[in-house]
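Undergrad: Handing you a structure now.
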Amino acid sequence: MRVLICDDDEDIRVLYRHAFEQLGVEVSEATNGNECVDAAGRDHPDLIVLDLFMPKRDGLSALPDLRRISPTSRVLVVSAHAAVDVFDTARSRGATACFDKLSFLPRIPNLIARYGPAA
């Protein structure tokens with residue numbers, strides 16, 4: 001299984017990377033929406049963990065391109081600052097599911113089982 005973590009916060013990327021790798025998942029990283037779109041087009045990951053608020057290009061504006069260039073990837077939006085209406089917008093642009101950053105880390109094992117390639 002391949003996961004692309006897209007977040008501008010290095011500490012968050014390290015936490016998520018460690019959690020996924022402990023479960024045998026191959027992980028790549030991006031620090032903004034532009035890098036995420038490039039990496040998704042190149043690697044076609046099974047899962048994309050996408051922060052919404054980043055410099056250069058945010059996750060909301062990257063979502064339509066991610067859906068177009070990697071249509072089989074599941075996109076899990078994770079944000080510390082998103083309101084319900086922002087998550088609704090993310091879903092309307094192709095997000096598979098949306099999570100608060102505080103609750104995301106302990107959910108990773110279940111998310112792999114639910115959205116992984118064998119799911």
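Starting from 1 in every chain, residues are counted up; chains themselves are A, B, ... following the order of the structure tokens, and ligands are numbered from 1 as listed.
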Compile a residue-level contact table for stretch 7-89 of chain A against stretch 109-112 of chain A at a cut-off of 12 Å, reporting for every qualifying residue the shortest atom pair and its distance in Å to one decimal, with only C-alpha atoms counted, rows ordered by chain and ascending number, as a tab-separated table.
TA:
residue	atom	partner	partner_atom	distance
A:Tyr16	CA	A:Pro109	CA	11.2
A:Ala19	CA	A:Pro109	CA	8.4
A:Phe20	CA	A:Pro109	CA	8.0
A:Glu21	CA	A:Pro109	CA	10.8
A:Gln22	CA	A:Pro109	CA	9.7
A:Leu23	CA	A:Pro109	CA	7.4
A:Gly24	CA	A:Ile112	CA	10.4
A:Val25	CA	A:Ile112	CA	8.9
A:Glu26	CA	A:Ile112	CA	11.9
A:Asp46	CA	A:Ile112	CA	9.6
A:Leu47	CA	A:Ile112	CA	8.6
A:Ile48	CA	A:Ile112	CA	11.4
A:Val49	CA	A:Leu111	CA	10.8
A:Arg74	CA	A:Leu111	CA	10.5
A:Val75	CA	A:Leu111	CA	11.3
A:Leu76	CA	A:Leu111	CA	9.2
Undergrad: Residues near A:Leu66, anyone? I mean within 12 Å using only C-alpha atoms, not counting same-chain ones fewer than 2 positions away, as an NGL selection string.
TA: :A and (4 or 6 or 33-45 or 47-50 or 59-64 or 68-76 or 90 or 93-96)
Undergrad: Could you write out, as a PyMOL selection string, all the residues of stretch 43-97 of chain A that DSSP marks as strand (DSSP E or B)?
TA: chain A and resi 47-51+74-79+97
Undergrad: Can you write out the residues you just picked, keeping N, CA and C atoms, as a PDB file, in the first residue's frame?
TA:
ATOM      1  N   LEU A  47      -3.791   5.973  -0.986  1.00  0.00           N
ATOM      2  CA  LEU A  47      -4.384   6.986  -0.117  1.00  0.00           C
ATOM      3  C   LEU A  47      -3.600   8.283  -0.209  1.00  0.00           C
ATOM      4  N   ILE A  48      -4.315   9.392  -0.158  1.00  0.00           N
ATOM      5  CA  ILE A  48      -3.689  10.706  -0.055  1.00  0.00           C
ATOM      6  C   ILE A  48      -4.241  11.348   1.208  1.00  0.00           C
ATOM      7  N   VAL A  49      -3.350  11.698   2.132  1.00  0.00           N
ATOM      8  CA  VAL A  49      -3.731  12.407   3.349  1.00  0.00           C
ATOM      9  C   VAL A  49      -3.456  13.879   3.066  1.00  0.00           C
ATOM     10  N   LEU A  50      -4.511  14.683   3.007  1.00  0.00           N
ATOM     11  CA  LEU A  50      -4.412  16.045   2.493  1.00  0.00           C
ATOM     12  C   LEU A  50      -4.825  17.082   3.526  1.00  0.00           C
ATOM     13  N   ASP A  51      -3.877  17.924   3.910  1.00  0.00           N
ATOM     14  CA  ASP A  51      -4.174  19.082   4.748  1.00  0.00           C
ATOM     15  C   ASP A  51      -4.877  20.118   3.870  1.00  0.00           C
ATOM     16  N   ARG A  74      -7.811   7.320  -2.833  1.00  0.00           N
ATOM     17  CA  ARG A  74      -8.762   7.816  -1.844  1.00  0.00           C
ATOM     18  C   ARG A  74      -8.122   9.029  -1.185  1.00  0.00           C
ATOM     19  N   VAL A  75      -8.859  10.129  -1.072  1.00  0.00           N
ATOM     20  CA  VAL A  75      -8.321  11.352  -0.496  1.00  0.00           C
ATOM     21  C   VAL A  75      -8.957  11.576   0.871  1.00  0.00           C
ATOM     22  N   LEU A  76      -8.111  11.525   1.904  1.00  0.00           N
ATOM     23  CA  LEU A  76      -8.562  11.766   3.271  1.00  0.00           C
ATOM     24  C   LEU A  76      -8.113  13.163   3.675  1.00  0.00           C
ATOM     25  N   VAL A  77      -9.059  14.064   3.815  1.00  0.00           N
ATOM     26  CA  VAL A  77      -8.768  15.441   4.197  1.00  0.00           C
ATOM     27  C   VAL A  77      -8.624  15.497   5.713  1.00  0.00           C
ATOM     28  N   VAL A  78      -7.544  16.156   6.149  1.00  0.00           N
ATOM     29  CA  VAL A  78      -7.270  16.291   7.583  1.00  0.00           C
ATOM     30  C   VAL A  78      -6.946  17.748   7.853  1.00  0.00           C
ATOM     31  N   SER A  79      -7.657  18.340   8.809  1.00  0.00           N
ATOM     32  CA  SER A  79      -7.419  19.752   9.094  1.00  0.00           C
ATOM     33  C   SER A  79      -7.645  20.059  10.568  1.00  0.00           C
ATOM     34  N   ALA A  97     -13.188  11.259   2.670  1.00  0.00           N
ATOM     35  CA  ALA A  97     -13.619  11.476   4.053  1.00  0.00           C
ATOM     36  C   ALA A  97     -12.818  12.635   4.628  1.00  0.00           C
TER      37      ALA A  97
END
Undergrad: Nearest residue to A:Val84 out of A:Val27, A:Cys98, A:Val14, A:Leu52, using only C-alpha atoms?
TA: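 Of all the options, A:Cys98 lies closest to A:Val84.
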Undergrad: Can you list, as a VMD selection string, all residues belonging to chain A that DSSP tags as alpha helix (DSSP H)?
TA: chain A and resid 10 to 22 33 to 43 59 to 69 84 to 92 101 to 104 108 to 115
Undergrad: Kindly export the residues of the current selection with C-alpha atoms, as a PDB file, in the first residue's frame.
TA:
ATOM      1  CA  GLU A  10       6.895  18.771   9.196  1.00  0.00           C
ATOM      2  CA  ASP A  11       6.047  17.473  12.679  1.00  0.00           C
ATOM      3  CA  ILE A  12       2.661  16.249  11.466  1.00  0.00           C
ATOM      4  CA  ARG A  13       4.229  14.552   8.451  1.00  0.00           C
ATOM      5  CA  VAL A  14       6.734  12.769  10.727  1.00  0.00           C
ATOM      6  CA  LEU A  15       3.957  11.568  13.059  1.00  0.00           C
ATOM      7  CA  TYR A  16       1.800  10.297  10.222  1.00  0.00           C
ATOM      8  CA  ARG A  17       4.778   8.739   8.408  1.00  0.00           C
ATOM      9  CA  HIS A  18       5.803   6.822  11.518  1.00  0.00           C
ATOM     10  CA  ALA A  19       2.250   5.576  12.124  1.00  0.00           C
ATOM     11  CA  PHE A  20       1.805   4.382   8.533  1.00  0.00           C
ATOM     12  CA  GLU A  21       5.278   2.822   8.277  1.00  0.00           C
ATOM     13  CA  GLN A  22       4.705   0.897  11.529  1.00  0.00           C
ATOM     14  CA  GLY A  33      -0.899  21.366  -2.987  1.00  0.00           C
ATOM     15  CA  ASN A  34       1.358  21.748  -6.015  1.00  0.00           C
ATOM     16  CA  GLU A  35       3.816  19.123  -4.753  1.00  0.00           C
ATOM     17  CA  CYS A  36       0.898  16.875  -3.836  1.00  0.00           C
ATOM     18  CA  VAL A  37      -0.603  17.010  -7.332  1.00  0.00           C
ATOM     19  CA  ASP A  38       2.814  16.307  -8.889  1.00  0.00           C
ATOM     20  CA  ALA A  39       3.491  13.362  -6.546  1.00  0.00           C
ATOM     21  CA  ALA A  40       0.003  11.902  -7.020  1.00  0.00           C
ATOM     22  CA  GLY A  41       0.372  12.050 -10.795  1.00  0.00           C
ATOM     23  CA  ARG A  42       3.727  10.327 -10.601  1.00  0.00           C
ATOM     24  CA  ASP A  43       3.048   7.724  -7.878  1.00  0.00           C
ATOM     25  CA  GLY A  59      -5.789  21.371  -0.320  1.00  0.00           C
ATOM     26  CA  LEU A  60      -9.213  22.558  -1.468  1.00  0.00           C
ATOM     27  CA  SER A  61      -7.833  23.962  -4.709  1.00  0.00           C
ATOM     28  CA  ALA A  62      -5.714  20.826  -5.262  1.00  0.00           C
ATOM     29  CA  LEU A  63      -8.608  18.377  -4.809  1.00  0.00           C
ATOM     30  CA  PRO A  64     -10.102  18.594  -8.320  1.00  0.00           C
ATOM     31  CA  ASP A  65      -6.676  18.041  -9.901  1.00  0.00           C
ATOM     32  CA  LEU A  66      -5.980  15.120  -7.552  1.00  0.00           C
ATOM     33  CA  ARG A  67      -9.271  13.476  -8.549  1.00  0.00           C
ATOM     34  CA  ARG A  68      -8.482  14.007 -12.230  1.00  0.00           C
ATOM     35  CA  ILE A  69      -4.888  12.734 -12.286  1.00  0.00           C
ATOM     36  CA  VAL A  84     -18.296  21.788   8.739  1.00  0.00           C
ATOM     37  CA  ASP A  85     -18.905  23.899   5.623  1.00  0.00           C
ATOM     38  CA  VAL A  86     -15.240  23.558   4.599  1.00  0.00           C
ATOM     39  CA  PHE A  87     -15.421  19.780   4.999  1.00  0.00           C
ATOM     40  CA  ASP A  88     -18.641  19.802   2.943  1.00  0.00           C
ATOM     41  CA  THR A  89     -16.809  21.709   0.203  1.00  0.00           C
ATOM     42  CA  ALA A  90     -13.931  19.202   0.364  1.00  0.00           C
ATOM     43  CA  ARG A  91     -16.361  16.304  -0.061  1.00  0.00           C
ATOM     44  CA  SER A  92     -18.062  18.048  -2.994  1.00  0.00           C
ATOM     45  CA  LYS A 101      -6.131  16.443  12.962  1.00  0.00           C
ATOM     46  CA  LEU A 102      -6.448  15.601  16.655  1.00  0.00           C
ATOM     47  CA  SER A 103      -8.539  12.510  15.962  1.00  0.00           C
ATOM     48  CA  PHE A 104      -6.750  11.318  12.812  1.00  0.00           C
ATOM     49  CA  ILE A 108      -4.834   5.261  10.932  1.00  0.00           C
ATOM     50  CA  PRO A 109      -4.992   1.452  11.441  1.00  0.00           C
ATOM     51  CA  ASN A 110      -8.748   1.420  10.814  1.00  0.00           C
ATOM     52  CA  LEU A 111      -8.404   3.733   7.832  1.00  0.00           C
ATOM     53  CA  ILE A 112      -5.858   1.427   6.222  1.00  0.00           C
ATOM     54  CA  ALA A 113      -8.241  -1.492   6.659  1.00  0.00           C
ATOM     55  CA  ARG A 114     -11.173   0.519   5.302  1.00  0.00           C
ATOM     56  CA  TYR A 115      -9.535   2.349   2.403  1.00  0.00           C
TER      57      TYR A 115
END
Undergrad: Just how far from atom CA of A:Asn32 is atom CA of A:Ala80, in Å to one decimal?
TA: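 These atoms are spaced 15.7 Å apart.
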Undergrad: Atom CA of A:Leu105 and atom CA of A:Pro55 are how many Å apart?
TA: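 Result for atom CA of A:Leu105 versus atom CA of A:Pro55: 22.6 Å, one decimal.
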